[in-house]
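Participant: Before I ask anything, here is the structure I am working with.
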Amino acid sequence: MSLLGIVNYWVFVALMMLGFYALIARGHLVKKLVGLSVFQASVFLFYISLGKVDGGEPAILVDDPTTIYSNPLPHVLILTAIVVGVATLAVGLALAVRIREAYGTMEEDEITEMDRTA
Amino acid sequence: MNLVLDIALLALMGIVAIAIIRLRDLVAVTMLASIYSLLAATMFVILDAADVAFTEAAVGAGISTVLMLAALNLTGFTEKAPLRSAFVPVLIVIATGLVLGYGMMDLPRYGDPSAPIHLHVAPKYLQDTGPEIGIPNVVTAVLASYRGYDTLGETTVIFTAGLGVTLLLSGRRRRRATPESSS
């Protein structure tokens with residue numbers, strides 16, 4: 001696995017940037033939120049991969065004292081982040097539904113246009 | 001074996017992410033987002049994060065998908081073709097990616113056991129969890145016992161989000177019942 005070295009991190013950055021692109025380039029509000037989710041999942045992967053130890057086991061204690069464990073602290077942080085991520089997603093979707101009610105569209109361009117002419 | 005899985009999963013995730021950007025059928029996009037989460041969960045298993053994998057599969061692939069489908073059901077299922085040119089966003093994304101990639105050059109190599117992150121704090125939790133907390137799962141011990149107040153804070157965040165969603169959507173039925181007042 002060490003052969004991968006730093007390339008793994010770069011792949012995570014590439015995935016993150018794909019999500020970032022969906023977030024800033026596409027106009028539909030739900031599409032933006034999906035992009036945000038992709039972005040988030042990639043950040044989580046990056047963070048967890050920092051805690052990986054070569055030949056490590058999940059941090060569940062066993063009797064064998066020679067066992068190497070991966071670092072459990074990133075796992076704890078990301079558990080919290082995943083749950084908070086879905087909470088923000090829910091609020092974002094609720095806002096999108098309200099925007100659709102008020103403007104009759106989910107496209108960012110049309111909403112900006114309506115705001116400008118109003 | 002792990003190397004092959006690692007490459008295959010990352011390649012699949014890349015393909016799924018590109019498909020998410022290109023497709024305009026939002027039900028398909030939602031399903032692909034769910035698949036992306038599931039692939040991420042599999043990746044977490046390879047990275048030794050079993051608890052995170054469970055949560056990602058349940059929350060990321062499960063609850064998120066349900067929420068998105070519910071929202072789409074209220075708002076419509078297709079996205080219009082983009083009008084703007086994608087040139088500026090592509091430029092921003094590439095620039096950000098290059099900066100982040102450059103910043104990562106100094107990171108310890110993947111899986112390096114002597115990385116600073118593995119030398120402080122974490123060994124203490126791994127040593128003390130057995131005698132102090134008495135349960136084998138260190139992640140659970142840190143989450144629910146050592147950092148229990150943080151988890152309480154997290155539930156406050158969830159509560160606030162739930163409250164926000166309820167307040168945002170609670171007016172819906174009333175407004176629909178009296179459409180002339182809203183127009």
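Each chain in the structure tokens gets a letter, A, B, ..., in the order shown, and its residues are numbered from 1; ligands are numbered from 1 in order too.
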Taking only C-alpha atoms into account, produce a table as JSON lines in which each residue of chain A with an atom at most 6 Å from an atom of chain B appears once, together with its shortest atom pair and the distance in Å to one decimal, ordered by chain and rising number.

Facilitator:
{"residue": "A:Met1", "atom": "CA", "partner": "B:Leu3", "partner_atom": "CA", "distance": 5.7}
{"residue": "A:Gly5", "atom": "CA", "partner": "B:Arg109", "partner_atom": "CA", "distance": 5.0}
{"residue": "A:Ile6", "atom": "CA", "partner": "B:Arg109", "partner_atom": "CA", "distance": 5.6}
{"residue": "A:Trp10", "atom": "CA", "partner": "B:Gly101", "partner_atom": "CA", "distance": 5.9}
{"residue": "A:Met17", "atom": "CA", "partner": "B:Val93", "partner_atom": "CA", "distance": 5.9}
{"residue": "A:Ala22", "atom": "CA", "partner": "B:Ile21", "partner_atom": "CA", "distance": 5.6}
{"residue": "A:Ala25", "atom": "CA", "partner": "B:Pro89", "partner_atom": "CA", "distance": 5.7}
{"residue": "A:Lys52", "atom": "CA", "partner": "B:Gly111", "partner_atom": "CA", "distance": 5.1}
{"residue": "A:Val53", "atom": "CA", "partner": "B:Gly111", "partner_atom": "CA", "distance": 4.3}
{"residue": "A:Asp54", "atom": "CA", "partner": "B:Gly111", "partner_atom": "CA", "distance": 4.6}
{"residue": "A:Glu57", "atom": "CA", "partner": "B:Asp48", "partner_atom": "CA", "distance": 6.0}
{"residue": "A:Pro58", "atom": "CA", "partner": "B:Asp48", "partner_atom": "CA", "distance": 4.5}
{"residue": "A:Ala59", "atom": "CA", "partner": "B:Val138", "partner_atom": "CA", "distance": 5.7}
{"residue": "A:Ile60", "atom": "CA", "partner": "B:Asn137", "partner_atom": "CA", "distance": 4.3}
{"residue": "A:Leu61", "atom": "CA", "partner": "B:Pro136", "partner_atom": "CA", "distance": 4.7}
{"residue": "A:Pro72", "atom": "CA", "partner": "B:Val139", "partner_atom": "CA", "distance": 5.6}
{"residue": "A:Val76", "atom": "CA", "partner": "B:Val139", "partner_atom": "CA", "distance": 5.8}
{"residue": "A:Leu79", "atom": "CA", "partner": "B:Val52", "partner_atom": "CA", "distance": 5.6}
{"residue": "A:Ala87", "atom": "CA", "partner": "B:Ala161", "partner_atom": "CA", "distance": 5.6}
{"residue": "A:Val91", "atom": "CA", "partner": "B:Val165", "partner_atom": "CA", "distance": 5.4}
{"residue": "A:Ala94", "atom": "CA", "partner": "B:Val165", "partner_atom": "CA", "distance": 5.7}

Participant: Residues of the last selection are to be written out with N, CA, C and O atoms, as a short mmCIF file (atom, residue, chain, number, x, y, z; two decimals), in the first residue's frame.

Facilitator:
data_model
loop_
_atom_site.label_atom_id
_atom_site.label_comp_id
_atom_site.auth_asym_id
_atom_site.auth_seq_id
_atom_site.Cartn_x
_atom_site.Cartn_y
_atom_site.Cartn_z
N MET A 1 0.81 -1.20 0.00
CA MET A 1 0.00 0.00 0.00
C MET A 1 0.85 1.26 0.00
O MET A 1 0.46 2.30 -0.49
N GLY A 5 1.86 5.93 -1.78
CA GLY A 5 2.44 7.16 -1.25
C GLY A 5 1.44 8.29 -1.21
O GLY A 5 0.37 8.18 -0.61
N ILE A 6 1.77 9.34 -1.89
CA ILE A 6 0.98 10.56 -1.79
C ILE A 6 -0.08 10.63 -2.89
O ILE A 6 -0.98 11.46 -2.85
N TRP A 10 -3.85 12.83 -3.77
CA TRP A 10 -4.15 13.62 -4.97
C TRP A 10 -5.46 13.15 -5.61
O TRP A 10 -6.22 13.96 -6.13
N MET A 17 -12.55 18.07 -6.18
CA MET A 17 -12.70 19.14 -7.15
C MET A 17 -13.86 18.85 -8.10
O MET A 17 -14.53 19.77 -8.57
N ALA A 22 -19.35 20.65 -9.58
CA ALA A 22 -20.82 20.54 -9.61
C ALA A 22 -21.45 21.63 -8.75
O ALA A 22 -22.51 22.16 -9.08
N ALA A 25 -20.56 25.25 -10.84
CA ALA A 25 -20.83 25.44 -12.26
C ALA A 25 -22.27 25.10 -12.64
O ALA A 25 -22.77 25.61 -13.63
N LYS A 52 -4.72 6.07 8.65
CA LYS A 52 -4.38 4.69 8.32
C LYS A 52 -2.92 4.38 8.66
O LYS A 52 -2.03 5.19 8.38
N VAL A 53 -2.69 3.24 9.29
CA VAL A 53 -1.33 2.77 9.55
C VAL A 53 -1.12 1.50 8.74
O VAL A 53 -2.01 0.66 8.68
N ASP A 54 0.06 1.38 8.12
CA ASP A 54 0.35 0.17 7.33
C ASP A 54 0.19 -1.08 8.20
O ASP A 54 0.73 -1.15 9.30
N GLU A 57 -5.07 -2.54 12.06
CA GLU A 57 -6.40 -3.13 12.18
C GLU A 57 -7.36 -2.02 12.63
O GLU A 57 -6.92 -1.01 13.17
N PRO A 58 -8.67 -2.20 12.43
CA PRO A 58 -9.62 -1.24 13.00
C PRO A 58 -9.43 -1.14 14.50
O PRO A 58 -9.04 -2.11 15.15
N ALA A 59 -9.68 0.04 15.08
CA ALA A 59 -9.38 0.28 16.48
C ALA A 59 -10.40 -0.39 17.40
O ALA A 59 -11.13 0.26 18.14
N ILE A 60 -10.46 -1.72 17.32
CA ILE A 60 -11.29 -2.50 18.24
C ILE A 60 -10.34 -3.44 18.96
O ILE A 60 -9.70 -4.29 18.34
N LEU A 61 -10.20 -3.23 20.27
CA LEU A 61 -9.12 -3.88 21.02
C LEU A 61 -9.29 -5.40 21.04
O LEU A 61 -10.39 -5.91 21.23
N PRO A 72 -7.65 5.99 15.82
CA PRO A 72 -9.11 6.11 15.92
C PRO A 72 -9.62 7.55 15.92
O PRO A 72 -10.80 7.78 15.72
N VAL A 76 -13.42 9.29 14.84
CA VAL A 76 -14.39 9.95 15.73
C VAL A 76 -14.84 11.28 15.13
O VAL A 76 -16.03 11.59 15.08
N LEU A 79 -17.08 10.73 12.08
CA LEU A 79 -18.43 10.27 12.45
C LEU A 79 -19.32 11.48 12.73
O LEU A 79 -20.44 11.58 12.23
N ALA A 87 -27.33 16.78 8.34
CA ALA A 87 -28.20 17.83 8.90
C ALA A 87 -28.18 19.07 8.02
O ALA A 87 -29.24 19.64 7.71
N VAL A 91 -31.29 20.89 5.81
CA VAL A 91 -31.65 22.31 5.84
C VAL A 91 -31.55 22.91 4.44
O VAL A 91 -32.42 23.68 4.01
N ALA A 94 -34.52 21.86 2.40
CA ALA A 94 -35.72 22.59 2.84
C ALA A 94 -35.72 24.00 2.27
O ALA A 94 -36.74 24.50 1.78
#

Participant: Neighbours of Asp109 of chain A within 10 Å (only C-alpha atoms; same-chain residues fewer than 2 positions away dropped), as a PDB file with N, CA, C and O atoms, in the first residue's frame?

Facilitator:
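Dumped to selection-v9.pdb:
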ATOM      1  N   ARG A  26     -22.930  24.226 -11.892  1.00  0.00           N
ATOM      2  CA  ARG A  26     -24.273  23.835 -12.292  1.00  0.00           C
ATOM      3  C   ARG A  26     -25.295  24.720 -11.603  1.00  0.00           C
ATOM      4  O   ARG A  26     -25.093  25.164 -10.477  1.00  0.00           O
ATOM      5  N   GLY A  27     -26.424  24.964 -12.301  1.00  0.00           N
ATOM      6  CA  GLY A  27     -27.382  25.942 -11.808  1.00  0.00           C
ATOM      7  C   GLY A  27     -28.458  25.387 -10.892  1.00  0.00           C
ATOM      8  O   GLY A  27     -29.025  26.120 -10.091  1.00  0.00           O
ATOM      9  N   HIS A  28     -28.773  24.094 -11.019  1.00  0.00           N
ATOM     10  CA  HIS A  28     -29.886  23.542 -10.253  1.00  0.00           C
ATOM     11  C   HIS A  28     -29.504  23.371  -8.785  1.00  0.00           C
ATOM     12  O   HIS A  28     -28.431  22.867  -8.472  1.00  0.00           O
ATOM     13  N   THR A 105     -38.976  28.172  -9.624  1.00  0.00           N
ATOM     14  CA  THR A 105     -37.887  27.534 -10.357  1.00  0.00           C
ATOM     15  C   THR A 105     -36.786  27.131  -9.384  1.00  0.00           C
ATOM     16  O   THR A 105     -36.706  27.658  -8.269  1.00  0.00           O
ATOM     17  N   MET A 106     -35.948  26.162  -9.828  1.00  0.00           N
ATOM     18  CA  MET A 106     -34.810  25.744  -9.006  1.00  0.00           C
ATOM     19  C   MET A 106     -33.497  26.159  -9.641  1.00  0.00           C
ATOM     20  O   MET A 106     -32.432  25.812  -9.154  1.00  0.00           O
ATOM     21  N   GLU A 107     -33.555  26.857 -10.800  1.00  0.00           N
ATOM     22  CA  GLU A 107     -32.321  27.214 -11.506  1.00  0.00           C
ATOM     23  C   GLU A 107     -31.783  28.537 -10.971  1.00  0.00           C
ATOM     24  O   GLU A 107     -32.500  29.538 -10.947  1.00  0.00           O
ATOM     25  N   ILE A 111     -33.379  32.503 -10.940  1.00  0.00           N
ATOM     26  CA  ILE A 111     -33.655  33.165  -9.661  1.00  0.00           C
ATOM     27  C   ILE A 111     -32.932  34.509  -9.602  1.00  0.00           C
ATOM     28  O   ILE A 111     -33.519  35.538  -9.236  1.00  0.00           O
ATOM     29  N   THR A 112     -31.643  34.521 -10.027  1.00  0.00           N
ATOM     30  CA  THR A 112     -30.881  35.782 -10.024  1.00  0.00           C
ATOM     31  C   THR A 112     -31.528  36.790 -10.957  1.00  0.00           C
ATOM     32  O   THR A 112     -31.631  37.984 -10.639  1.00  0.00           O
ATOM     33  N   GLU A 113     -31.982  36.291 -12.135  1.00  0.00           N
ATOM     34  CA  GLU A 113     -32.617  37.168 -13.111  1.00  0.00           C
ATOM     35  C   GLU A 113     -33.876  37.809 -12.526  1.00  0.00           C
ATOM     36  O   GLU A 113     -34.104  39.013 -12.658  1.00  0.00           O
ATOM     37  N   MET A 114     -34.694  36.966 -11.844  1.00  0.00           N
ATOM     38  CA  MET A 114     -35.928  37.487 -11.227  1.00  0.00           C
ATOM     39  C   MET A 114     -35.606  38.519 -10.169  1.00  0.00           C
ATOM     40  O   MET A 114     -36.286  39.532 -10.048  1.00  0.00           O
ATOM     41  N   ASP A 115     -34.563  38.262  -9.375  1.00  0.00           N
ATOM     42  CA  ASP A 115     -34.175  39.221  -8.338  1.00  0.00           C
ATOM     43  C   ASP A 115     -33.757  40.547  -8.970  1.00  0.00           C
ATOM     44  O   ASP A 115     -34.039  41.611  -8.426  1.00  0.00           O
TER      45      ASP A 115
ATOM     46  N   PRO B  82     -27.254  23.892 -18.910  1.00  0.00           N
ATOM     47  CA  PRO B  82     -26.599  25.101 -18.422  1.00  0.00           C
ATOM     48  C   PRO B  82     -26.443  26.144 -19.531  1.00  0.00           C
ATOM     49  O   PRO B  82     -26.112  25.809 -20.666  1.00  0.00           O
ATOM     50  N   LEU B  83     -26.719  27.400 -19.183  1.00  0.00           N
ATOM     51  CA  LEU B  83     -26.608  28.483 -20.162  1.00  0.00           C
ATOM     52  C   LEU B  83     -25.225  29.113 -20.146  1.00  0.00           C
ATOM     53  O   LEU B  83     -24.690  29.513 -21.164  1.00  0.00           O
ATOM     54  N   ARG B  84     -24.673  29.188 -18.923  1.00  0.00           N
ATOM     55  CA  ARG B  84     -23.393  29.883 -18.785  1.00  0.00           C
ATOM     56  C   ARG B  84     -22.248  29.042 -19.344  1.00  0.00           C
ATOM     57  O   ARG B  84     -22.336  27.823 -19.403  1.00  0.00           O
TER      58      ARG B  84
END

Participant: Measuring atom to atom with only C-alpha atoms, identify which of B:Ala19, B:Leu38, B:Ala57, B:Val66 is nearest to Leu93 of chain A.

Facilitator: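 Counting only C-alpha atoms, the residue closest to Leu93 of chain A is B:Val66.
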
Participant: Hey, which of A:Val30, A:Val7, A:Ala90, A:Ala118 ends up closest to Tyr103 of chain A? Count only C-alpha atoms.

Facilitator: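 The answer is A:Ala118, which sits nearest to Tyr103 of chain A.
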
Participant: Measuring atom to atom with only C-alpha atoms, identify which of B:Ala58, B:Ala8, B:Ile35, B:Ala28 is nearest to Val83 of chain A.

Facilitator: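 Using only C-alpha atoms, Val83 of chain A sits closest to B:Ala58.
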
Participant: With DSSP run on the backbone, what are the alpha helix (DSSP H) residues within chain A? I'd like them as an MDAnalysis selection string.

Facilitator: chainID A and resid 7:25 29:50 72:103 108:117

Participant: Quick one: pull the distance between atom CA of Glu108 of chain A and atom CA of Ala81 of chain A, Å, one decimal.

Facilitator: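 These atoms are spaced 27.3 Å apart.
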